[in-house]
Structures are given as structure tokens and as C-alpha cells.
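One file, final-v4.txt, is given below (compact mmCIF, C-alpha atoms).
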```
# COMPACT_ATOMS: atom_id res chain seq x y z
CA MET A 194 -33.15 -8.98 10.19
CA ASN A 195 -31.29 -8.76 6.90
CA HIS A 196 -27.61 -7.84 7.20
CA ARG A 197 -28.29 -4.80 5.01
CA ASP A 198 -30.78 -3.44 7.53
CA ASN A 199 -28.14 -2.65 10.16
CA LEU A 200 -25.32 -0.12 10.12
CA VAL A 201 -22.55 -2.69 10.20
CA GLY A 202 -23.94 -4.77 7.37
CA ALA A 203 -24.83 -1.76 5.23
CA VAL A 204 -21.19 -0.66 4.97
CA GLU A 205 -18.65 -2.07 2.55
CA TYR A 206 -15.45 -2.31 4.58
CA ARG A 207 -12.16 -1.91 2.75
CA LEU A 208 -9.03 -3.44 4.18
CA VAL A 209 -7.69 -0.13 5.50
CA ASP A 210 -10.96 0.26 7.43
CA VAL A 211 -10.68 -3.18 8.96
CA LEU A 212 -7.01 -2.71 9.91
CA SER A 213 -7.70 0.69 11.48
CA ILE A 214 -10.67 -0.55 13.50
CA THR A 215 -8.69 -3.65 14.52
CA LEU A 216 -5.80 -1.54 15.82
CA VAL A 217 -8.20 0.60 17.85
CA GLY A 218 -9.66 -2.63 19.24
CA LEU A 219 -6.17 -3.89 20.04
CA PHE A 220 -5.27 -0.64 21.79
CA THR A 221 -8.54 -0.85 23.74
CA GLY A 222 -7.59 -4.36 24.84
CA PHE A 223 -4.18 -3.13 25.98
CA ILE A 224 -5.83 -0.33 27.95
CA LEU A 225 -8.19 -2.74 29.70
CA LEU A 226 -5.39 -5.15 30.53
CA PHE A 227 -2.95 -2.50 31.76
CA GLN A 228 -5.31 0.02 33.34
CA GLU A 229 -2.82 0.91 36.05
CA ASN A 230 -0.38 2.22 33.42
CA VAL A 231 -2.87 4.50 31.67
CA ARG A 232 -4.24 7.80 32.93
CA SER A 233 -8.04 8.18 32.63
CA TRP A 234 -8.33 4.82 30.94
CA GLN A 235 -12.15 4.88 31.08
CA ASN A 236 -12.23 8.02 28.95
CA LEU A 237 -9.86 6.48 26.41
CA VAL A 238 -12.05 3.40 26.05
CA LEU A 239 -15.15 5.57 25.60
CA ASN A 240 -13.34 7.76 23.05
CA ASN A 241 -12.36 4.66 21.09
CA VAL A 242 -15.94 3.42 20.94
CA VAL A 243 -17.23 6.82 19.83
CA ALA A 244 -14.48 7.21 17.22
CA VAL A 245 -15.23 3.82 15.69
CA LEU A 246 -18.95 4.63 15.54
CA PHE A 247 -18.25 7.96 13.84
CA PHE A 248 -15.92 6.25 11.36
CA VAL A 249 -18.45 3.55 10.50
CA GLY A 250 -21.10 6.26 10.22
CA ALA A 251 -18.92 8.15 7.73
CA LEU A 252 -18.49 4.98 5.68
CA TRP A 253 -22.25 4.43 5.69
CA TRP A 254 -22.86 8.05 4.68
CA ARG A 255 -20.44 7.68 1.78
CA SER A 256 -22.34 4.62 0.54
CA LYS A 257 -25.37 6.90 0.04
CA ILE A 258 -23.49 9.44 -2.09
CA ALA A 259 -23.38 9.11 -5.89
CA HIS A 260 -21.23 12.10 -6.89
CA PRO A 261 -17.66 10.76 -7.39
CA TRP A 262 -15.80 13.78 -6.01
CA TYR A 263 -18.01 14.00 -2.93
CA ARG A 264 -17.32 10.30 -2.41
CA TRP A 265 -13.57 10.94 -2.78
CA PHE A 266 -13.67 13.77 -0.28
CA LEU A 267 -15.61 11.88 2.38
CA ARG A 268 -13.57 8.72 1.90
CA THR A 269 -10.23 10.51 2.16
CA ALA A 270 -11.36 12.65 5.08
CA ALA A 271 -12.75 9.68 7.02
CA VAL A 272 -9.63 7.55 6.69
CA THR A 273 -7.12 10.33 7.38
CA ALA A 274 -9.15 11.61 10.35
CA PHE A 275 -9.46 8.13 11.85
CA VAL A 276 -5.75 7.42 11.37
CA SER A 277 -4.99 10.79 12.98
CA PHE A 278 -7.20 9.81 15.91
CA ILE A 279 -5.16 6.63 16.33
CA TYR A 280 -1.95 8.70 16.31
CA ASN A 281 -3.36 10.82 19.12
CA GLU A 282 -4.45 7.68 20.96
CA THR A 283 -0.90 6.38 20.77
CA SER A 284 0.35 9.44 22.64
CA LYS A 285 -1.90 8.51 25.58
CA ILE A 286 -0.62 4.94 25.89
CA ILE A 287 2.99 5.34 24.79
CA ASN A 288 4.29 4.00 28.13
CA ILE A 289 1.69 1.31 28.60
CA PHE A 290 4.37 -1.42 28.52
CA TYR A 291 7.57 0.45 29.45
CA GLU A 292 8.10 3.28 31.90
CA GLY A 293 11.11 4.66 30.04
CA TYR A 294 12.38 5.05 26.49
CA PHE A 295 14.98 3.38 24.29
CA ASP A 296 16.86 6.47 23.17
CA GLU A 297 20.11 5.30 24.73
CA LEU A 298 20.13 2.20 22.51
CA VAL A 299 19.47 4.25 19.38
CA MET A 300 22.10 6.88 20.24
CA GLU A 301 24.68 4.23 21.11
CA TRP A 302 24.19 2.63 17.71
CA GLU A 303 24.38 5.96 15.85
CA LEU A 304 27.47 7.12 17.74
CA ALA A 305 29.20 3.87 16.80
CA ILE A 306 28.47 4.56 13.11
CA PHE A 307 28.75 8.35 12.80
CA GLY A 308 31.10 9.18 15.66
CA GLN A 309 28.78 11.95 16.86
CA HIS A 310 25.09 12.77 17.01
CA PRO A 311 23.84 13.69 13.50
CA THR A 312 21.50 16.36 14.91
CA VAL A 313 24.47 17.99 16.65
CA TRP A 314 26.65 17.84 13.52
CA LEU A 315 23.90 19.46 11.42
CA GLN A 316 24.11 22.55 13.62
CA SER A 317 27.11 23.61 11.56
CA LEU A 318 24.79 23.99 8.54
CA THR A 319 22.12 25.98 10.35
CA THR A 320 21.03 29.27 8.78
CA PRO A 321 17.59 30.95 8.89
CA TRP A 322 16.86 30.21 5.22
CA VAL A 323 17.96 26.58 5.43
CA THR A 324 15.86 26.18 8.56
CA GLU A 325 12.86 27.79 6.86
CA TRP A 326 13.09 25.44 3.87
CA MET A 327 13.44 22.41 6.11
CA MET A 328 10.47 23.43 8.23
CA PHE A 329 8.43 24.18 5.11
CA THR A 330 9.00 20.67 3.78
CA TYR A 331 8.35 19.17 7.21
CA ILE A 332 4.96 20.92 7.35
CA ILE A 333 3.94 20.52 3.68
CA TYR A 334 3.94 16.78 4.30
CA VAL A 335 0.51 17.13 5.96
CA PRO A 336 -1.42 18.56 2.96
CA LEU A 337 0.49 16.20 0.67
CA ILE A 338 -1.43 13.29 2.24
CA PRO A 339 -4.84 14.27 0.79
CA PHE A 340 -3.12 15.63 -2.34
CA ALA A 341 -1.77 12.16 -3.16
CA ALA A 342 -5.26 10.73 -2.61
CA TRP A 343 -6.63 13.30 -5.07
CA LEU A 344 -3.90 12.51 -7.59
CA ALA A 345 -4.62 8.78 -7.45
CA PHE A 346 -8.38 9.28 -7.75
CA MET A 347 -8.04 11.80 -10.58
CA LYS A 348 -6.03 9.34 -12.67
CA LYS A 349 -7.56 5.94 -11.95
CA ARG A 350 -10.54 6.55 -9.68
CA GLU A 351 -11.64 4.31 -6.81
CA ARG A 352 -9.22 1.42 -7.23
CA ALA A 353 -6.18 3.71 -7.25
CA LEU A 354 -7.55 5.66 -4.28
CA GLU A 355 -7.99 2.49 -2.25
CA ASP A 356 -4.48 1.30 -3.14
CA TYR A 357 -3.09 4.62 -1.91
CA LEU A 358 -5.18 4.61 1.26
CA ILE A 359 -4.17 1.07 2.22
CA SER A 360 -0.50 1.97 1.65
CA PHE A 361 -0.90 5.15 3.70
CA GLY A 362 -2.82 3.30 6.40
CA LEU A 363 -0.44 0.36 6.53
CA ALA A 364 2.61 2.59 6.95
CA SER A 365 0.88 4.73 9.59
CA LEU A 366 -0.58 1.90 11.65
CA ILE A 367 2.67 -0.06 11.75
CA CYS A 368 4.42 3.10 13.00
CA TYR A 369 1.88 3.58 15.77
CA LEU A 370 2.09 -0.03 16.92
CA VAL A 371 5.89 0.08 17.03
CA PHE A 372 5.75 3.33 18.99
CA ILE A 373 4.32 1.59 22.05
CA LEU A 374 6.47 -1.52 21.60
CA PHE A 375 9.71 0.49 21.28
CA PRO A 376 9.11 4.06 22.51
CA VAL A 377 11.79 6.58 21.56
CA LYS A 378 11.63 10.22 22.70
CA GLY A 379 13.77 11.69 19.93
CA PRO A 380 16.88 13.88 20.05
CA MET A 381 15.14 17.18 20.87
CA ARG A 382 13.99 15.64 24.16
CA ALA A 383 16.78 13.17 24.84
CA ILE A 384 19.79 15.46 24.32
CA PRO A 385 18.49 19.07 24.34
CA GLU A 386 21.63 20.31 26.09
CA LEU A 387 23.75 19.38 23.05
CA HIS A 388 21.67 21.50 20.66
CA THR A 389 23.30 24.84 21.37
CA MET A 390 22.36 26.46 18.04
CA PRO A 391 18.72 27.61 17.97
CA LEU A 392 16.69 26.86 14.86
CA GLU A 393 15.78 30.37 13.73
CA GLY A 394 13.67 30.96 10.67
CA PHE A 395 10.48 32.66 9.62
CA VAL A 396 6.81 31.71 9.17
CA PHE A 397 7.18 27.95 8.67
CA THR A 398 9.69 27.71 11.48
CA TRP A 399 7.16 29.37 13.76
CA ILE A 400 4.45 26.93 12.63
CA SER A 401 6.75 23.96 13.21
CA ASP A 402 7.38 25.18 16.74
CA LEU A 403 3.63 25.17 17.36
CA ILE A 404 3.39 21.62 16.03
CA ARG A 405 6.31 20.56 18.19
CA GLN A 406 4.69 21.99 21.31
CA ASN A 407 1.09 20.91 20.71
CA VAL A 408 1.09 17.82 18.45
CA HIS A 409 4.31 15.88 18.93
CA PHE A 410 4.75 13.65 21.93
CA PRO A 411 7.69 11.78 23.49
CA GLY A 412 7.88 8.26 22.13
CA GLY A 413 6.50 8.72 18.61
CA CYS A 414 9.75 8.60 16.69
CA LEU A 415 10.74 5.19 15.40
CA PRO A 416 9.83 4.48 12.63
CA SER A 417 9.49 8.01 11.30
CA PRO A 418 5.93 8.49 9.94
CA HIS A 419 7.18 11.50 7.97
CA CYS A 420 9.68 9.33 6.13
CA ALA A 421 7.35 6.36 5.69
CA ILE A 422 4.31 8.28 4.45
CA SER A 423 6.36 10.71 2.32
CA THR A 424 7.74 7.66 0.54
CA VAL A 425 4.19 6.41 -0.06
CA ILE A 426 3.22 9.83 -1.44
CA LEU A 427 6.25 10.02 -3.72
CA LEU A 428 5.75 6.56 -5.19
CA THR A 429 2.04 7.24 -5.65
CA ALA A 430 3.01 10.23 -7.78
CA TRP A 431 5.46 8.05 -9.73
CA ARG A 432 2.70 5.55 -10.40
CA HIS A 433 0.07 8.06 -11.53
CA HIS A 434 1.71 11.29 -12.73
CA ARG A 435 5.44 11.46 -13.49
CA PRO A 436 5.69 15.28 -13.74
CA THR A 437 4.31 15.54 -10.20
CA PHE A 438 6.83 12.95 -9.07
CA TRP A 439 9.73 15.09 -10.28
CA VAL A 440 8.29 18.14 -8.52
CA LEU A 441 7.84 16.19 -5.28
CA LEU A 442 11.22 14.43 -5.38
CA PRO A 443 13.32 17.32 -3.96
CA ILE A 444 10.58 18.07 -1.42
CA VAL A 445 10.43 14.50 -0.15
CA LEU A 446 14.23 14.22 -0.04
CA SER A 447 14.20 17.42 2.00
CA ILE A 448 11.54 15.94 4.30
CA TYR A 449 13.90 13.05 5.03
CA VAL A 450 16.65 15.51 5.98
CA SER A 451 14.30 17.84 7.88
CA THR A 452 13.33 15.12 10.34
CA VAL A 453 16.95 15.06 11.56
CA TYR A 454 17.79 18.72 10.91
CA GLY A 455 14.77 19.79 12.99
CA ARG A 456 15.83 17.39 15.78
CA PHE A 457 12.51 15.57 15.57
CA HIS A 458 14.07 12.22 14.71
CA TYR A 459 17.25 10.20 14.74
CA VAL A 460 18.74 9.01 11.46
CA SER A 461 17.66 5.53 12.54
CA ASP A 462 14.01 6.57 12.43
CA GLY A 463 14.32 7.35 8.73
CA ILE A 464 16.37 4.23 8.05
CA VAL A 465 13.41 2.22 9.34
CA GLY A 466 10.70 4.55 8.03
CA ILE A 467 11.72 4.73 4.36
CA PRO A 468 11.77 0.93 3.82
CA LEU A 469 8.46 0.75 5.66
CA GLY A 470 7.00 3.16 3.11
CA LEU A 471 8.43 1.07 0.26
CA PHE A 472 6.92 -2.06 1.80
CA ALA A 473 3.52 -0.40 2.21
CA VAL A 474 3.44 0.69 -1.45
CA TRP A 475 4.41 -2.81 -2.57
CA ALA A 476 2.14 -4.72 -0.20
CA GLY A 477 -0.89 -2.41 -0.18
CA PRO A 478 -2.33 -3.21 -3.64
CA LYS A 479 -1.62 -6.92 -3.18
CA LEU A 480 -3.46 -6.93 0.14
CA ASN A 481 -6.36 -5.04 -1.42
CA SER A 482 -6.64 -7.66 -4.17
CA TRP A 483 -6.62 -10.42 -1.57
CA TRP A 484 -9.25 -8.62 0.49
CA GLY A 485 -11.42 -8.19 -2.60
CA LYS A 486 -11.43 -11.96 -3.08
CA VAL A 487 -12.23 -12.54 0.58
CA THR A 488 -15.15 -10.12 0.58
CA LEU A 489 -16.47 -11.59 -2.67
CA ILE A 490 -16.55 -15.06 -1.11
CA MET A 491 -18.27 -13.64 1.96
CA LYS A 492 -20.92 -11.95 -0.19
CA LEU A 493 -21.59 -15.18 -2.07
CA GLN A 494 -21.95 -17.06 1.19
CA ILE A 495 -24.38 -14.46 2.54
CA LYS A 496 -26.50 -14.75 -0.59
CA LYS A 497 -26.66 -18.53 -0.19
CA VAL A 498 -28.14 -18.34 3.31
CA PRO A 499 -31.62 -17.07 2.30
CA GLN A 500 -31.70 -19.64 -0.50
CA LEU A 501 -30.97 -22.46 1.93
CA GLU A 502 -33.67 -21.18 4.30
CA LEU A 503 -36.21 -21.17 1.47
CA GLU A 504 -35.25 -24.71 0.44
CA GLU A 505 -35.63 -25.95 4.04
CA THR A 506 -39.11 -24.46 4.33
```
Show me the file's structure as C-alpha cells.
Amino acid sequence: MNHRDNLVGAVEYRLVDVLSITLVGLFTGFILLFQENVRSWQNLVLNNVVAVLFFVGALWWRSKIAHPWYRWFLRTAAVTAFVSFIYNETSKIINIFYEGYFDELVMEWELAIFGQHPTVWLQSLTTPWVTEWMMFTYIIYVPLIPFAAWLAFMKKRERALEDYLISFGLASLICYLVFILFPVKGPMRAIPELHTMPLEGFVFTWISDLIRQNVHFPGGCLPSPHCAISTVILLTAWRHHRPTFWVLLPIVLSIYVSTVYGRFHYVSDGIVGIPLGLFAVWAGPKLNSWWGKVTLIMKLQIKKVPQLELEET
């Protein structure tokens, strides 16, 4: 059977696809090896298999589409949905290696530098309108992810889109892997008794509370994905559309602050997350170029096989 006759061979896998599928495979291996530390591990393994099949199916479906904007939409949706699935998977295995968390180490380091907890100090600046702005920027980060993909594609089409997606994926996947290697609950869960000033605001504050209660999980703090991916988004705008960069700059700077102001993260999470975003933007296009050479060699080798078979017969 020709490699193009099966689903796996019919799909052109970009590096972000391979890295994402590999991390799901790695997590599946961890689950199988440490079953006793994971609740309902059989369901997680099954979910991983189904998610990978759906993702590969989406990639195959995209290969059949000619319209560029439909291709952009399906490509962006598939990658962001699959990365989001991995984020959710991380929440289920956050304590697969360690029963507890490393918040004490992070807080000890920050107290030595700042003299007090930054989230506690920021209470002195709390007002409803400041809180509302901070929560707005914290939430707007989510739609900015596909917006940056649109911006890259609008300016330089598929190559720019893939460079953005690998940078986004690289930053996200490294965060998720570190989460289970160094789980940190975050200040809202580690020191809630010190946060005596409630964060009162309006609509976006209410939405952020819903996210905090239904999406966030203990352990997913360091590095800060908000800081890492916001940096990727900002530098993508710088690369493709400078006016958009200047509009996004105060928003992204506010996102950095909002992670601490909202008690979601320690300062340390951003200190690690921002350089991670810078690294992802720098390394992503280089890795894509390398992967392009690798896949080209693989295609040439595949084409040689039928020729050798014909010569032998």
C-alpha cells in the first residue's frame, strides 16, 4: 500500500504537529508507568488516543481544502484546540511525580528579594477600575492567540502562520511539561489568608472568576503561559504589522502585571515565562526551517523506494 493511501501518510506534518503529538505520547507513557498516581488513568489514555486521531483527521481534512482562508481557519483551530487539550491533560496528571507543590521554594526566593509577597503588596493599589482593566487584559489574551495567527497569515501567508504556530506551540508545550516536573499552586491557593482585599470589578472581573473556578488548576503556574504566549503574540505583531504592535504593547505589559495582580501567578512565573516566549519566537522559525529540510530528505527517500523496486524486478 502506498504511503499516500493511509491517513498517516496522506498528512503533511509540521513540526508543531509532531511536537504536540510527541508530548501527548510522552504524557501517555507517564500515565502508564505511574498508574497508581493518576485517577481514572484508563480514561486518560483513551482520551489521548481519540484526541490524536481527531487532530490527525483535522490535518488530513485541511489537506483537501483549497481556499486559503478556510485552510487558515482549520489549521489555527486544530493546533490551538489540540494544545488546549494538552493543557487540560496536564491538570489531570499534575501530581504524577510529586504529591505536593513547590510554592514554598518560590515564595522563599521572592521574599528574599522583595521583602514581602508581591501579590500582597499590590493590594494597596486595588480599585474596581484597576481590577477591571487587569482582568480585561488577562482575558483578552485568549482571543489574541488566533488574532496573531490571522495577522501572520494576512501578511505573509502559510510560512508566517507556521512560524507563529511553532512559536506558540513551543512556548505552550514547554510550560505544560515543566508544570508536572515542578508543580506550583500559585499565590491565590498557597497564601489565600494574606489576600484580605477582595478583587472587585465589573464584567471582566466576573468572567475571570469563572475562569479561575472552572479552568485554572493547582500546579499550572511556572512558567506563566500568559506571559510566554503574550510575548509570542507581541513579537509576531512587531514582525508583521508595527501599528498593531504599538496597540498591543500596553495590553501585553498589562497582562504581565495582571498575572500577579490577579493572584494567579508569582513574579517568578513571569520572570521565567517572558524569556521562554522570547526563546520560542527566536527558535521557532529556525526549527521550522530545519524541519523543512528533514521532511524534504524524507520525501526524496520515499520517492526512491518505488524506483529501486522497479529496478530489482
Residue nearest Gly485 (chain A) - candidates A:Gly222, A:Glu355, A:Thr283, A:Pro261, atoms counted: all atoms listed in the file: A:Glu355
Residue nearest Val231 (chain A) among A:Ser401, A:Ser284, A:Gln406, A:Ser461 (counting all atoms listed in the file): A:Ser284
One-decimal distance in Å that lies between CA of Val408 (chain A) and CA of Asn240 (chain A): 18.2 Å
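Computed from the coordinates, the CA of Tyr449 (chain A) to CA of Pro418 (chain A) distance equals 10.4 Å.
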Which residues are near Cys414 (chain A)? Cut-off 8 Å, only C-alpha atoms, ignore same chain within fewer than 6 positions. Put them as a short mmCIF file (atom, residue, chain, number, x, y, z; two decimals) with C-alpha atoms, in the frame of the given file.
```
data_model
loop_
_atom_site.label_atom_id
_atom_site.label_comp_id
_atom_site.auth_asym_id
_atom_site.auth_seq_id
_atom_site.Cartn_x
_atom_site.Cartn_y
_atom_site.Cartn_z
CA PHE A 372 5.75 3.33 18.99
CA PRO A 376 9.11 4.06 22.51
CA VAL A 377 11.79 6.58 21.56
CA LYS A 378 11.63 10.22 22.70
CA GLY A 379 13.77 11.69 19.93
CA PHE A 457 12.51 15.57 15.57
CA HIS A 458 14.07 12.22 14.71
CA TYR A 459 17.25 10.20 14.74
CA ASP A 462 14.01 6.57 12.43
#
```
Within 12 Å of Thr269 (chain A) using all atoms listed in the file, minus same-chain residues under 5 positions, as JSON, numbers by chain: {"A": [209, 210, 248, 251, 252, 255, 262, 263, 264, 274, 275, 276, 336, 338, 339, 340, 341, 342, 343, 344, 345, 346, 351, 354, 355, 357, 358, 359, 361, 362]}
Residues near Leu427 (chain A), cut-off 7 Å, all atoms listed in the file, skip fewer than 6 positions along chain, as JSON, numbers by chain: {"A": [438, 441, 442]}
Selected residue of minimal separation from Ile422 (chain A) among A:Thr324, A:Thr398, A:Thr312, A:Thr273, counting all atoms listed in the file: A:Thr273
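The smallest atom-to-atom distance between Val371 (chain A) and any of A:Thr429, A:Ser447, A:Ser417, A:Ser277, using all atoms listed in the file, is found for A:Ser417.
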Residue contacts of Phe329 (chain A) (10 Å, only C-alpha atoms) excluding same-chain residues fewer than 6 positions away, as a ChimeraX atom specification: /A:323,395-398,400-401,444,447-448,451
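Rounded to one decimal, CA of Leu216 (chain A) and CA of Ile286 (chain A) lie 13.0 Å from each other.
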A:Lys486, A:Ser233, A:Val217, A:Val313 ranked by distance to Val245 (chain A), top pick (using all atoms listed in the file):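 Ranked by minimum distance to Val245 (chain A), first place goes to A:Val217.
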Non-local contacts of Ala476 (chain A) (12 Å; all atoms listed in the file; under 2 positions in same chain excluded) as a list in words: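 What passes the distance filter is Asp356, Tyr357, Leu358, Ile359, Ser360, Phe361, Gly362, Leu363, Ala364, Val425, Pro468, Leu469, Gly470, Leu471, Phe472, Ala473, Val474, Pro478, Lys479, Leu480, Asn481, Ser482 and Trp483 of chain A.
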Nearest-residue call for Ile287 (chain A), choices A:Tyr454, A:Phe375, A:Trp484, A:Trp439, using all atoms listed in the file: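 Looking only at the distances to Ile287 (chain A), the closest residue turns out to be A:Phe375.
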